[in-house]
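Trainee: Supplied structure: final06.cif, mmCIF, C-alpha atoms and all ligand atoms.
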data_entry
loop_
_atom_site.group_PDB
_atom_site.id
_atom_site.type_symbol
_atom_site.label_atom_id
_atom_site.label_comp_id
_atom_site.auth_asym_id
_atom_site.auth_seq_id
_atom_site.Cartn_x
_atom_site.Cartn_y
_atom_site.Cartn_z
ATOM 1 C CA MET A 188 -15.402 6.284 -12.003
ATOM 2 C CA SER A 189 -13.519 5.637 -8.821
ATOM 3 C CA LEU A 190 -10.526 4.079 -7.112
ATOM 4 C CA ILE A 191 -11.157 1.325 -4.566
ATOM 5 C CA ILE A 192 -8.655 0.596 -1.808
ATOM 6 C CA LEU A 193 -9.109 -2.773 -0.071
ATOM 7 C CA GLY A 194 -7.080 -3.450 3.060
ATOM 8 C CA SER A 195 -6.883 -3.325 6.814
ATOM 9 C CA VAL A 196 -8.153 -0.344 8.803
ATOM 10 C CA ALA A 197 -6.664 -0.974 12.179
ATOM 11 C CA PHE A 198 -5.124 0.043 15.438
ATOM 12 C CA ASP A 199 -1.341 -0.102 15.676
ATOM 13 C CA ALA A 200 0.976 0.329 18.647
ATOM 14 C CA LEU A 201 4.459 1.301 17.510
ATOM 15 C CA GLU A 202 7.857 1.512 19.073
ATOM 16 C CA THR A 203 10.844 3.116 17.359
ATOM 17 C CA PRO A 204 14.171 4.374 18.754
ATOM 18 C CA PHE A 205 12.452 7.800 18.879
ATOM 19 C CA GLY A 206 9.420 6.907 20.937
ATOM 20 C CA LYS A 207 6.398 4.774 21.533
ATOM 21 C CA THR A 208 2.681 5.101 20.806
ATOM 22 C CA ASP A 209 -0.469 3.704 22.379
ATOM 23 C CA LYS A 210 -3.120 2.458 19.965
ATOM 24 C CA ILE A 211 -3.209 4.781 16.968
ATOM 25 C CA VAL A 212 -4.933 4.495 13.594
ATOM 26 C CA GLY A 213 -3.053 2.225 11.212
ATOM 27 C CA GLY A 214 -3.745 -0.444 8.638
ATOM 28 C CA ALA A 215 -2.730 -0.813 5.018
ATOM 29 C CA ALA A 216 -5.943 0.730 3.616
ATOM 30 C CA SER A 217 -5.699 3.726 5.946
ATOM 31 C CA TYR A 218 -2.239 4.677 4.687
ATOM 32 C CA ALA A 219 -3.028 3.934 1.032
ATOM 33 C CA ALA A 220 -6.408 5.719 0.936
ATOM 34 C CA LEU A 221 -5.229 8.862 2.742
ATOM 35 C CA THR A 222 -2.298 9.051 0.325
ATOM 36 C CA ALA A 223 -4.323 8.430 -2.835
ATOM 37 C CA SER A 224 -6.826 11.111 -1.766
ATOM 38 C CA TYR A 225 -4.209 13.828 -2.446
ATOM 39 C CA LEU A 226 -3.919 12.760 -6.072
ATOM 40 C CA TYR A 227 -7.428 11.557 -6.988
ATOM 41 C CA ASN A 228 -10.763 12.785 -5.742
ATOM 42 C CA ASN A 229 -12.910 9.644 -5.776
ATOM 43 C CA VAL A 230 -11.298 7.177 -3.371
ATOM 44 C CA LYS A 231 -13.388 4.454 -1.701
ATOM 45 C CA ILE A 232 -12.331 2.016 1.045
ATOM 46 C CA ILE A 233 -13.420 -1.610 1.505
ATOM 47 C CA SER A 234 -12.576 -2.867 4.974
ATOM 48 C CA VAL A 235 -13.950 -3.836 8.385
ATOM 49 C CA VAL A 236 -13.506 -2.374 11.876
ATOM 50 C CA GLY A 237 -14.861 -3.181 15.327
ATOM 51 C CA GLY A 238 -17.081 -1.071 17.561
ATOM 52 C CA ASP A 239 -13.935 0.190 19.299
ATOM 53 C CA PHE A 240 -12.745 2.088 16.203
ATOM 54 C CA GLY A 241 -15.183 4.936 16.714
ATOM 55 C CA SER A 242 -16.645 7.607 14.476
ATOM 56 C CA GLU A 243 -13.886 10.059 15.388
ATOM 57 C CA ASN A 244 -11.281 7.804 13.781
ATOM 58 C CA LEU A 245 -13.508 7.104 10.768
ATOM 59 C CA SER A 246 -13.865 10.859 10.275
ATOM 60 C CA LYS A 247 -10.141 11.046 9.394
ATOM 61 C CA PHE A 248 -11.179 9.491 6.063
ATOM 62 C CA SER A 249 -14.382 11.493 5.552
ATOM 63 C CA GLN A 250 -12.411 14.685 6.135
ATOM 64 C CA ARG A 251 -10.314 13.761 3.113
ATOM 65 C CA HIS A 252 -13.548 13.040 1.159
ATOM 66 C CA ILE A 253 -12.846 9.311 1.111
ATOM 67 C CA ASP A 254 -15.974 7.148 0.754
ATOM 68 C CA ILE A 255 -16.218 4.829 3.771
ATOM 69 C CA SER A 256 -19.545 3.183 2.964
ATOM 70 C CA GLY A 257 -17.575 -0.009 2.209
ATOM 71 C CA ILE A 258 -16.116 -0.142 5.754
ATOM 72 C CA GLN A 259 -18.228 -2.609 7.746
ATOM 73 C CA VAL A 260 -18.540 -1.766 11.446
ATOM 74 C CA LYS A 261 -18.941 -4.859 13.658
ATOM 75 C CA ASN A 262 -20.092 -3.231 16.871
ATOM 76 C CA GLU A 263 -19.700 -6.332 19.045
ATOM 77 C CA GLU A 264 -16.136 -7.052 17.878
ATOM 78 C CA LYS A 265 -12.681 -5.494 18.098
ATOM 79 C CA SER A 266 -10.629 -3.913 15.310
ATOM 80 C CA PHE A 267 -7.528 -5.580 13.876
ATOM 81 C CA PHE A 268 -4.569 -4.770 16.114
ATOM 82 C CA TRP A 269 -0.909 -4.888 15.152
ATOM 83 C CA SER A 270 2.103 -3.925 17.193
ATOM 84 C CA GLY A 271 5.675 -3.621 15.978
ATOM 85 C CA LYS A 272 9.064 -2.560 17.286
ATOM 86 C CA TYR A 273 11.834 -1.184 15.061
ATOM 87 C CA HIS A 274 15.507 -1.913 15.495
ATOM 88 C CA ASN A 275 18.038 0.921 15.580
ATOM 89 C CA ASP A 276 18.665 0.708 11.813
ATOM 90 C CA MET A 277 14.900 1.410 11.246
ATOM 91 C CA ASN A 278 14.940 -1.092 8.362
ATOM 92 C CA SER A 279 14.118 -4.173 10.347
ATOM 93 C CA ARG A 280 11.304 -4.628 12.816
ATOM 94 C CA ASP A 281 9.768 -7.299 14.987
ATOM 95 C CA THR A 282 6.050 -7.903 14.983
ATOM 96 C CA LEU A 283 5.104 -8.029 18.655
ATOM 97 C CA ILE A 284 1.353 -8.640 18.385
ATOM 98 C CA THR A 285 -1.070 -9.489 15.567
ATOM 99 C CA GLU A 286 -4.695 -9.764 16.731
ATOM 100 C CA LEU A 287 -6.856 -10.471 13.699
ATOM 101 C CA ASN A 288 -10.169 -9.811 15.517
ATOM 102 C CA VAL A 289 -12.650 -8.548 12.865
ATOM 103 C CA LEU A 290 -10.291 -9.576 10.052
ATOM 104 C CA GLU A 291 -10.544 -13.247 11.014
ATOM 105 C CA ASN A 292 -13.894 -13.732 9.245
ATOM 106 C CA PHE A 293 -13.824 -10.706 6.977
ATOM 107 C CA ASP A 294 -16.172 -11.095 4.019
ATOM 108 C CA PRO A 295 -15.872 -7.967 1.848
ATOM 109 C CA ILE A 296 -19.151 -6.305 0.855
ATOM 110 C CA ILE A 297 -19.049 -4.083 -2.224
ATOM 111 C CA PRO A 298 -21.635 -1.273 -2.062
ATOM 112 C CA ALA A 299 -23.524 -0.742 -5.360
ATOM 113 C CA SER A 300 -21.947 2.718 -5.639
ATOM 114 C CA TYR A 301 -18.490 1.079 -5.847
ATOM 115 C CA GLN A 302 -19.345 -0.989 -8.944
ATOM 116 C CA ASP A 303 -18.116 1.662 -11.400
ATOM 117 C CA ALA A 304 -14.519 1.446 -10.119
ATOM 118 C CA GLU A 305 -11.840 1.698 -12.800
ATOM 119 C CA TYR A 306 -8.899 1.227 -10.429
ATOM 120 C CA ILE A 307 -8.466 -1.086 -7.465
ATOM 121 C CA LEU A 308 -5.648 -1.575 -4.983
ATOM 122 C CA LEU A 309 -5.907 -4.992 -3.362
ATOM 123 C CA GLY A 310 -3.966 -3.999 -0.263
ATOM 124 C CA ASN A 311 -2.307 -6.296 2.187
ATOM 125 C CA LEU A 312 -4.933 -8.831 3.349
ATOM 126 C CA SER A 313 -5.442 -12.553 2.905
ATOM 127 C CA PRO A 314 -5.322 -13.557 -0.789
ATOM 128 C CA GLN A 315 -8.771 -15.212 -0.422
ATOM 129 C CA VAL A 316 -10.267 -11.857 0.609
ATOM 130 C CA GLN A 317 -8.398 -10.050 -2.185
ATOM 131 C CA LEU A 318 -9.794 -12.535 -4.723
ATOM 132 C CA ALA A 319 -13.327 -12.352 -3.309
ATOM 133 C CA ALA A 320 -13.359 -8.544 -3.532
ATOM 134 C CA LEU A 321 -12.130 -8.609 -7.135
ATOM 135 C CA GLU A 322 -14.630 -11.272 -8.180
ATOM 136 C CA ARG A 323 -17.519 -9.368 -6.598
ATOM 137 C CA LEU A 324 -16.999 -6.438 -8.932
ATOM 138 C CA HIS A 325 -19.336 -6.899 -11.908
ATOM 139 C CA LYS A 326 -16.814 -5.326 -14.267
ATOM 140 C CA ARG A 327 -13.066 -5.862 -13.947
ATOM 141 C CA PRO A 328 -11.394 -2.483 -13.241
ATOM 142 C CA LYS A 329 -8.933 -1.372 -15.912
ATOM 143 C CA LEU A 330 -6.058 -1.467 -13.415
ATOM 144 C CA VAL A 331 -5.665 -4.006 -10.602
ATOM 145 C CA VAL A 332 -2.673 -3.483 -8.283
ATOM 146 C CA LEU A 333 -1.887 -5.997 -5.542
ATOM 147 C CA ASP A 334 0.256 -5.542 -2.456
ATOM 148 C CA THR A 335 1.093 -8.491 -0.237
ATOM 149 C CA MET A 336 3.690 -9.645 2.293
ATOM 150 C CA ASN A 337 5.756 -12.657 3.362
ATOM 151 C CA PHE A 338 3.118 -13.552 6.001
ATOM 152 C CA TRP A 339 0.703 -14.630 3.218
ATOM 153 C CA MET A 340 3.459 -16.382 1.247
ATOM 154 C CA ASP A 341 4.148 -18.478 4.362
ATOM 155 C CA ILE A 342 0.554 -19.521 4.999
ATOM 156 C CA ALA A 343 -1.429 -19.087 1.759
ATOM 157 C CA MET A 344 0.969 -19.377 -1.202
ATOM 158 C CA GLU A 345 -1.482 -21.354 -3.393
ATOM 159 C CA ASP A 346 -4.255 -18.770 -2.919
ATOM 160 C CA LEU A 347 -1.758 -15.992 -3.592
ATOM 161 C CA LYS A 348 -0.740 -17.643 -6.879
ATOM 162 C CA LYS A 349 -4.441 -17.772 -7.894
ATOM 163 C CA VAL A 350 -4.951 -14.052 -7.320
ATOM 164 C CA LEU A 351 -1.644 -13.173 -9.052
ATOM 165 C CA LYS A 352 -3.137 -14.547 -12.296
ATOM 166 C CA LYS A 353 -5.837 -11.853 -12.171
ATOM 167 C CA ILE A 354 -3.841 -8.691 -11.524
ATOM 168 C CA ASP A 355 -1.837 -6.135 -13.508
ATOM 169 C CA VAL A 356 0.769 -4.812 -11.057
ATOM 170 C CA LEU A 357 2.324 -6.523 -8.034
ATOM 171 C CA THR A 358 4.200 -4.505 -5.388
ATOM 172 C CA ILE A 359 6.418 -6.412 -2.956
ATOM 173 C CA ASN A 360 9.764 -5.878 -1.244
ATOM 174 C CA ASP A 361 13.065 -7.487 -2.256
ATOM 175 C CA GLU A 362 12.925 -10.308 0.310
ATOM 176 C CA GLU A 363 9.378 -11.145 -0.697
ATOM 177 C CA ALA A 364 10.344 -11.174 -4.399
ATOM 178 C CA ARG A 365 13.053 -13.700 -3.556
ATOM 179 C CA GLN A 366 10.647 -15.825 -1.520
ATOM 180 C CA LEU A 367 7.931 -15.767 -4.193
ATOM 181 C CA SER A 368 10.277 -16.607 -7.081
ATOM 182 C CA GLY A 369 12.883 -18.783 -5.392
ATOM 183 C CA GLN A 370 15.541 -16.626 -7.138
ATOM 184 C CA TYR A 371 18.167 -14.495 -5.391
ATOM 185 C CA SER A 372 18.907 -12.140 -8.294
ATOM 186 C CA LEU A 373 16.099 -9.568 -8.426
ATOM 187 C CA VAL A 374 16.314 -9.506 -12.229
ATOM 188 C CA LYS A 375 15.741 -13.272 -12.387
ATOM 189 C CA ALA A 376 13.092 -13.002 -9.660
ATOM 190 C CA ALA A 377 11.242 -10.444 -11.782
ATOM 191 C CA GLU A 378 11.384 -12.694 -14.860
ATOM 192 C CA THR A 379 9.864 -15.538 -12.860
ATOM 193 C CA ILE A 380 7.183 -13.404 -11.179
ATOM 194 C CA LEU A 381 6.111 -11.782 -14.460
ATOM 195 C CA LYS A 382 5.315 -15.294 -15.721
ATOM 196 C CA MET A 383 2.963 -15.814 -12.743
ATOM 197 C CA GLY A 384 0.355 -13.302 -13.978
ATOM 198 C CA PRO A 385 1.093 -9.608 -13.442
ATOM 199 C CA SER A 386 2.242 -7.588 -16.457
ATOM 200 C CA HIS A 387 4.247 -5.242 -14.203
ATOM 201 C CA LEU A 388 6.185 -5.751 -10.983
ATOM 202 C CA ILE A 389 7.485 -3.219 -8.485
ATOM 203 C CA ILE A 390 10.171 -4.368 -6.088
ATOM 204 C CA LYS A 391 10.488 -2.006 -3.103
ATOM 205 C CA LYS A 392 13.936 -1.813 -1.562
ATOM 206 C CA GLY A 393 13.272 0.487 1.401
ATOM 207 C CA GLU A 394 15.910 3.183 1.711
ATOM 208 C CA HIS A 395 17.411 1.958 -1.587
ATOM 209 C CA GLY A 396 14.388 2.896 -3.689
ATOM 210 C CA ALA A 397 12.251 0.786 -5.998
ATOM 211 C CA LEU A 398 12.514 -1.126 -9.292
ATOM 212 C CA LEU A 399 9.736 -1.245 -11.888
ATOM 213 C CA PHE A 400 9.734 -4.166 -14.345
ATOM 214 C CA GLY A 401 7.406 -4.722 -17.337
ATOM 215 C CA GLU A 402 7.028 -4.356 -21.099
ATOM 216 C CA ASN A 403 10.656 -5.612 -21.367
ATOM 217 C CA GLN A 404 11.817 -2.448 -19.616
ATOM 218 C CA LEU A 405 13.323 -1.586 -16.261
ATOM 219 C CA PHE A 406 13.113 1.650 -14.270
ATOM 220 C CA ALA A 407 15.051 2.318 -11.071
ATOM 221 C CA ALA A 408 13.812 5.013 -8.685
ATOM 222 C CA PRO A 409 15.886 6.179 -5.730
ATOM 223 C CA ALA A 410 14.521 6.756 -2.253
ATOM 224 C CA LEU A 411 15.037 10.279 -0.997
ATOM 225 C CA PRO A 412 17.966 10.262 1.465
ATOM 226 C CA LEU A 413 16.299 11.583 4.635
ATOM 227 C CA ALA A 414 18.122 12.990 7.647
ATOM 228 C CA ASP A 415 15.541 11.572 10.054
ATOM 229 C CA VAL A 416 13.261 8.598 9.637
ATOM 230 C CA PHE A 417 10.850 8.719 12.520
ATOM 231 C CA ASP A 418 8.527 5.761 11.855
ATOM 232 C CA PRO A 419 8.654 3.614 8.672
ATOM 233 C CA THR A 420 5.289 1.926 9.341
ATOM 234 C CA GLY A 421 2.999 2.107 6.330
ATOM 235 C CA ALA A 422 5.662 3.356 3.905
ATOM 236 C CA GLY A 423 4.888 0.439 1.554
ATOM 237 C CA ASP A 424 1.131 1.066 1.688
ATOM 238 C CA THR A 425 1.705 4.788 1.184
ATOM 239 C CA PHE A 426 3.847 4.005 -1.855
ATOM 240 C CA ALA A 427 1.089 1.782 -3.302
ATOM 241 C CA GLY A 428 -1.592 4.438 -2.627
ATOM 242 C CA GLY A 429 0.523 7.130 -4.285
ATOM 243 C CA PHE A 430 1.285 4.855 -7.250
ATOM 244 C CA ILE A 431 -2.340 3.988 -8.026
ATOM 245 C CA GLY A 432 -3.623 7.470 -7.110
ATOM 246 C CA TYR A 433 -1.265 9.011 -9.644
ATOM 247 C CA LEU A 434 -2.352 6.595 -12.408
ATOM 248 C CA ALA A 435 -6.039 7.169 -11.607
ATOM 249 C CA GLN A 436 -5.701 10.927 -12.041
ATOM 250 C CA ALA A 437 -3.493 10.522 -15.147
ATOM 251 C CA LYS A 438 -6.135 8.240 -16.761
ATOM 252 C CA THR A 439 -3.362 6.660 -18.857
ATOM 253 C CA ILE A 440 -1.653 3.404 -18.044
ATOM 254 C CA ASN A 441 1.657 2.622 -19.685
ATOM 255 C CA PHE A 442 5.296 2.243 -18.659
ATOM 256 C CA GLU A 443 6.085 5.979 -18.906
ATOM 257 C CA TYR A 444 3.164 6.919 -16.654
ATOM 258 C CA MET A 445 4.058 4.097 -14.286
ATOM 259 C CA LYS A 446 7.548 5.592 -13.928
ATOM 260 C CA SER A 447 6.010 8.888 -12.771
ATOM 261 C CA ALA A 448 3.629 6.951 -10.517
ATOM 262 C CA VAL A 449 6.624 5.248 -8.863
ATOM 263 C CA ILE A 450 8.167 8.679 -8.200
ATOM 264 C CA TYR A 451 4.913 10.005 -6.697
ATOM 265 C CA GLY A 452 4.621 6.872 -4.539
ATOM 266 C CA SER A 453 8.219 7.311 -3.374
ATOM 267 C CA ALA A 454 7.761 11.038 -2.654
ATOM 268 C CA LEU A 455 4.644 10.385 -0.575
ATOM 269 C CA ALA A 456 6.321 7.525 1.294
ATOM 270 C CA SER A 457 9.120 9.926 2.227
ATOM 271 C CA TYR A 458 6.509 12.108 3.982
ATOM 272 C CA CYS A 459 4.862 9.123 5.683
ATOM 273 C CA VAL A 460 8.001 8.216 7.631
ATOM 274 C CA GLU A 461 8.430 11.727 9.080
ATOM 275 C CA LYS A 462 5.861 11.222 11.856
ATOM 276 C CA PHE A 463 4.237 8.376 13.770
ATOM 277 C CA GLY A 464 1.436 6.467 12.035
ATOM 278 C CA THR A 465 -0.741 8.305 9.520
ATOM 279 C CA GLU A 466 -0.220 11.716 11.150
ATOM 280 C CA ARG A 467 1.885 13.251 8.385
ATOM 281 C CA LEU A 468 -0.544 11.987 5.733
ATOM 282 C CA GLU A 469 -3.487 13.760 7.315
ATOM 283 C CA ASN A 470 -2.273 17.305 6.593
ATOM 284 C CA LEU A 471 -0.242 17.396 3.402
ATOM 285 C CA THR A 472 -0.609 19.988 0.667
ATOM 286 C CA LEU A 473 -0.296 19.498 -3.075
ATOM 287 C CA ALA A 474 2.505 22.081 -3.077
ATOM 288 C CA GLU A 475 4.476 19.964 -0.585
ATOM 289 C CA ILE A 476 3.994 16.865 -2.733
ATOM 290 C CA LYS A 477 5.093 18.639 -5.918
ATOM 291 C CA ASN A 478 8.081 20.066 -4.098
ATOM 292 C CA ARG A 479 9.241 16.614 -3.057
ATOM 293 C CA VAL A 480 8.648 15.185 -6.520
ATOM 294 C CA SER A 481 10.968 17.838 -7.938
ATOM 295 C CA LEU A 482 13.591 16.918 -5.322
ATOM 296 C CA PHE A 483 13.459 13.400 -6.781
ATOM 297 C CA SER A 484 13.888 14.746 -10.244
ATOM 298 C CA ASN A 485 16.960 16.788 -9.212
ATOM 299 C CA LEU A 486 18.391 13.854 -7.310
ATOM 300 C CA THR A 487 18.761 11.728 -10.404
ATOM 301 C CA SER A 488 19.279 14.171 -13.276
ATOM 302 C CA PHE A 489 22.768 14.534 -14.719
ATOM 303 C CA ASN A 490 24.487 15.379 -17.969
ATOM 304 C CA ILE A 491 27.086 13.221 -19.650
HETATM 305 P P1 LIG A 501 3.891 -1.716 6.218
HETATM 306 O O1 LIG A 501 4.736 -0.938 7.181
HETATM 307 O O2 LIG A 501 3.771 -1.084 4.861
HETATM 308 O O3 LIG A 501 4.267 -3.155 6.172
HETATM 309 O O4 LIG A 501 2.387 -1.677 6.789
HETATM 310 C C1 LIG A 501 2.106 -1.671 8.146
HETATM 311 C C2 LIG A 501 0.589 -1.713 8.331
HETATM 312 O O5 LIG A 501 0.093 -2.982 7.916
HETATM 313 C C3 LIG A 501 0.207 -1.533 9.778
HETATM 314 O O6 LIG A 501 -0.534 -0.329 9.904
HETATM 315 C C4 LIG A 501 -0.618 -2.764 10.152
HETATM 316 O O7 LIG A 501 -1.836 -2.431 10.783
HETATM 317 C C5 LIG A 501 -0.878 -3.457 8.818
HETATM 318 N N1 LIG A 501 -0.709 -4.915 8.904
HETATM 319 C C6 LIG A 501 0.293 -5.606 9.510
HETATM 320 N N2 LIG A 501 0.119 -6.941 9.370
HETATM 321 C C7 LIG A 501 -1.023 -7.104 8.651
HETATM 322 C C8 LIG A 501 -1.770 -8.247 8.171
HETATM 323 N N3 LIG A 501 -1.369 -9.502 8.431
HETATM 324 N N4 LIG A 501 -2.908 -8.025 7.476
HETATM 325 C C9 LIG A 501 -3.320 -6.775 7.217
HETATM 326 N N5 LIG A 501 -2.690 -5.657 7.633
HETATM 327 C C10 LIG A 501 -1.550 -5.810 8.342
#
Transcribe the structure of this file into structure tokens.
Ligand code: AMP
Mentor:
Amino acid sequence: MSLIILGSVAFDALETPFGKTDKIVGGAASYAALTASYLYNNVKIISVVGGDFGSENLSKFSQRHIDISGIQVKNEEKSFFWSGKYHNDMNSRDTLITELNVLENFDPIIPASYQDAEYILLGNLSPQVQLAALERLHKRPKLVVLDTMNFWMDIAMEDLKKVLKKIDVLTINDEEARQLSGQYSLVKAAETILKMGPSHLIIKKGEHGALLFGENQLFAAPALPLADVFDPTGAGDTFAGGFIGYLAQAKTINFEYMKSAVIYGSALASYCVEKFGTERLENLTLAEIKNRVSLFSNLTSFNI
């Protein structure tokens, strides 16, 4: 039994009001897999990198006991490269560069040892690749979570709608929920999106927390008010990795467990933003994670 994370493993160059980085390790699968590895001990990545990525960077995953046999290395090509610059409010950012490189013709290969997966996160990649990876598993995992972004809604909406029919949980942000549903109210947007395939929907609202919809219920989780947000890159992927990692270790999937999974995802995302890139996610302890989860619990508990 295992948890597969599909997504980009990449180089990012980031600029925030606090500083600037050269090429550092990034990518949706990198954030999600590192995060999930704190909660579940059998995490496997499906991705592709170029010869420039190097074994030293790949060892960041092996050190966390993440299986990287599903990461193809195309020695003659370059890794996906993304560069972004944050505005002073840290909520909005401009994409400066997207070089698809190895992602342009990415054809996911599923190693035989991945075929027993019970959980899969179809992380941010083209919907065609997400669908191909899912269809290449001989047995459908018991939980399929999909993360996507406005970029794919703009250029591949029909493919996205096809993959939505095959998943259980969709995680997107508020703007994307509005774009996907054509509804401004997030409650109406959720009603529309839940008719498109997924049984559950998580709408991420950045510093305003997240909403979980499904089973005719609604759960609202806050985001931890942080004194300093250093770099928000990957917070969404970290949330998704924490969410599915929690459910994989819990072995039970229902609304109550999903509520806890949302809190774990939010707690881990609050660590992600404390340092540039994946740095903070490389050296966490379980005690730190539990500590932050209890902060969440205190933040919202009250007596009437
Ligand atoms: P987030 O901040 O959660 O939106 O995720 C940022 C990460 O997504 C960065 O590390 C990028 O490398 C990666 N990324 C950005 N655009 C894409 C894309 N079009 N496809 C796959 N990964 C992407």
Trainee: At what distance in Å, to one decimal, does atom C3 of ligand LIG 501 (chain A) lie from CA of Ala474 (chain A)?
Mentor: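 A separation of 27.0 Å between them.
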Trainee: Between chain A and ligand LIG 501 (chain A), at 7 Å or less, what are the per-residue closest atom pairs and their distances in Å? Count all atoms listed in the file, order by chain and rising residue number, and return it as JSON lines.
Mentor:
{"residue": "A:Gly194", "atom": "CA", "partner": "A:LIG501", "partner_atom": "C9", "distance": 6.5}
{"residue": "A:Ser195", "atom": "CA", "partner": "A:LIG501", "partner_atom": "N5", "distance": 4.9}
{"residue": "A:Val196", "atom": "CA", "partner": "A:LIG501", "partner_atom": "O7", "distance": 6.9}
{"residue": "A:Ala197", "atom": "CA", "partner": "A:LIG501", "partner_atom": "O7", "distance": 5.2}
{"residue": "A:Phe198", "atom": "CA", "partner": "A:LIG501", "partner_atom": "O7", "distance": 6.2}
{"residue": "A:Asp199", "atom": "CA", "partner": "A:LIG501", "partner_atom": "O7", "distance": 5.4}
{"residue": "A:Gly213", "atom": "CA", "partner": "A:LIG501", "partner_atom": "O6", "distance": 3.8}
{"residue": "A:Gly214", "atom": "CA", "partner": "A:LIG501", "partner_atom": "O6", "distance": 3.5}
{"residue": "A:Ala215", "atom": "CA", "partner": "A:LIG501", "partner_atom": "O5", "distance": 4.6}
{"residue": "A:Phe268", "atom": "CA", "partner": "A:LIG501", "partner_atom": "O7", "distance": 6.4}
{"residue": "A:Trp269", "atom": "CA", "partner": "A:LIG501", "partner_atom": "O7", "distance": 5.1}
{"residue": "A:Thr285", "atom": "CA", "partner": "A:LIG501", "partner_atom": "N2", "distance": 6.8}
{"residue": "A:Asn311", "atom": "CA", "partner": "A:LIG501", "partner_atom": "C9", "distance": 5.2}
{"residue": "A:Leu312", "atom": "CA", "partner": "A:LIG501", "partner_atom": "N4", "distance": 4.7}
{"residue": "A:Ser313", "atom": "CA", "partner": "A:LIG501", "partner_atom": "N4", "distance": 6.9}
{"residue": "A:Phe338", "atom": "CA", "partner": "A:LIG501", "partner_atom": "N3", "distance": 6.5}
{"residue": "A:Pro419", "atom": "CA", "partner": "A:LIG501", "partner_atom": "O1", "distance": 6.2}
{"residue": "A:Thr420", "atom": "CA", "partner": "A:LIG501", "partner_atom": "O1", "distance": 3.6}
{"residue": "A:Gly421", "atom": "CA", "partner": "A:LIG501", "partner_atom": "O2", "distance": 3.6}
{"residue": "A:Ala422", "atom": "CA", "partner": "A:LIG501", "partner_atom": "O2", "distance": 4.9}
{"residue": "A:Gly423", "atom": "CA", "partner": "A:LIG501", "partner_atom": "O2", "distance": 3.8}
{"residue": "A:Asp424", "atom": "CA", "partner": "A:LIG501", "partner_atom": "O2", "distance": 4.7}
Trainee: Report the residues retrieved by the PyMOL selection byres (((chain A and resi 299) around 12) and not hetatm) from the displayed file, expressed as an NGL selection string.
Mentor: :A and (231 or 256-257 or 296-298 or 300-304 or 323-325)
Trainee: Considering only C-alpha atoms, can you say which of A:Ile284, A:Leu201, A:Val480, A:Leu221 comes closest to Gly432 (chain A)?
Mentor: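 The closest residue to Gly432 (chain A) is A:Leu221.
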Trainee: Applied to this file, what does the PyMOL selection byres (((chain A and resi 220) around 12) and not hetatm) return in terms of residues, put as a CSV table (one decimal) with C-alpha atoms, keeping the file's coordinate frame?
Mentor:
chain,number,residue,atom,x,y,z
A,190,LEU,CA,-10.5,4.1,-7.1
A,191,ILE,CA,-11.2,1.3,-4.6
A,192,ILE,CA,-8.7,0.6,-1.8
A,193,LEU,CA,-9.1,-2.8,-0.1
A,194,GLY,CA,-7.1,-3.4,3.1
A,195,SER,CA,-6.9,-3.3,6.8
A,196,VAL,CA,-8.2,-0.3,8.8
A,213,GLY,CA,-3.1,2.2,11.2
A,214,GLY,CA,-3.7,-0.4,8.6
A,215,ALA,CA,-2.7,-0.8,5.0
A,216,ALA,CA,-5.9,0.7,3.6
A,217,SER,CA,-5.7,3.7,5.9
A,218,TYR,CA,-2.2,4.7,4.7
A,219,ALA,CA,-3.0,3.9,1.0
A,221,LEU,CA,-5.2,8.9,2.7
A,222,THR,CA,-2.3,9.1,0.3
A,223,ALA,CA,-4.3,8.4,-2.8
A,224,SER,CA,-6.8,11.1,-1.8
A,225,TYR,CA,-4.2,13.8,-2.4
A,226,LEU,CA,-3.9,12.8,-6.1
A,227,TYR,CA,-7.4,11.6,-7.0
A,228,ASN,CA,-10.8,12.8,-5.7
A,229,ASN,CA,-12.9,9.6,-5.8
A,230,VAL,CA,-11.3,7.2,-3.4
A,231,LYS,CA,-13.4,4.5,-1.7
A,232,ILE,CA,-12.3,2.0,1.0
A,233,ILE,CA,-13.4,-1.6,1.5
A,234,SER,CA,-12.6,-2.9,5.0
A,247,LYS,CA,-10.1,11.0,9.4
A,248,PHE,CA,-11.2,9.5,6.1
A,249,SER,CA,-14.4,11.5,5.6
A,250,GLN,CA,-12.4,14.7,6.1
A,251,ARG,CA,-10.3,13.8,3.1
A,252,HIS,CA,-13.5,13.0,1.2
A,253,ILE,CA,-12.8,9.3,1.1
A,254,ASP,CA,-16.0,7.1,0.8
A,255,ILE,CA,-16.2,4.8,3.8
A,307,ILE,CA,-8.5,-1.1,-7.5
A,308,LEU,CA,-5.6,-1.6,-5.0
A,309,LEU,CA,-5.9,-5.0,-3.4
A,310,GLY,CA,-4.0,-4.0,-0.3
A,421,GLY,CA,3.0,2.1,6.3
A,424,ASP,CA,1.1,1.1,1.7
A,425,THR,CA,1.7,4.8,1.2
A,426,PHE,CA,3.8,4.0,-1.9
A,427,ALA,CA,1.1,1.8,-3.3
A,428,GLY,CA,-1.6,4.4,-2.6
A,429,GLY,CA,0.5,7.1,-4.3
A,430,PHE,CA,1.3,4.9,-7.2
A,431,ILE,CA,-2.3,4.0,-8.0
A,432,GLY,CA,-3.6,7.5,-7.1
A,465,THR,CA,-0.7,8.3,9.5
A,468,LEU,CA,-0.5,12.0,5.7
A,469,GLU,CA,-3.5,13.8,7.3
Trainee: What residues come out when you apply the PyMOL selection byres (((chain A and resi 447) around 10) and not hetatm) to this file, written as a PyMOL selection string?
Mentor: chain A and resi 408+430+433-434+437+442-446+448-453+480
Trainee: Between A:Thr203, A:Gln317, A:Asn403, A:Ser481, which has the minimum distance to Gly271 (chain A) (counting all atoms listed in the file)?
Mentor: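 Looking at the shortest contact to Gly271 (chain A), the residue is A:Thr203.
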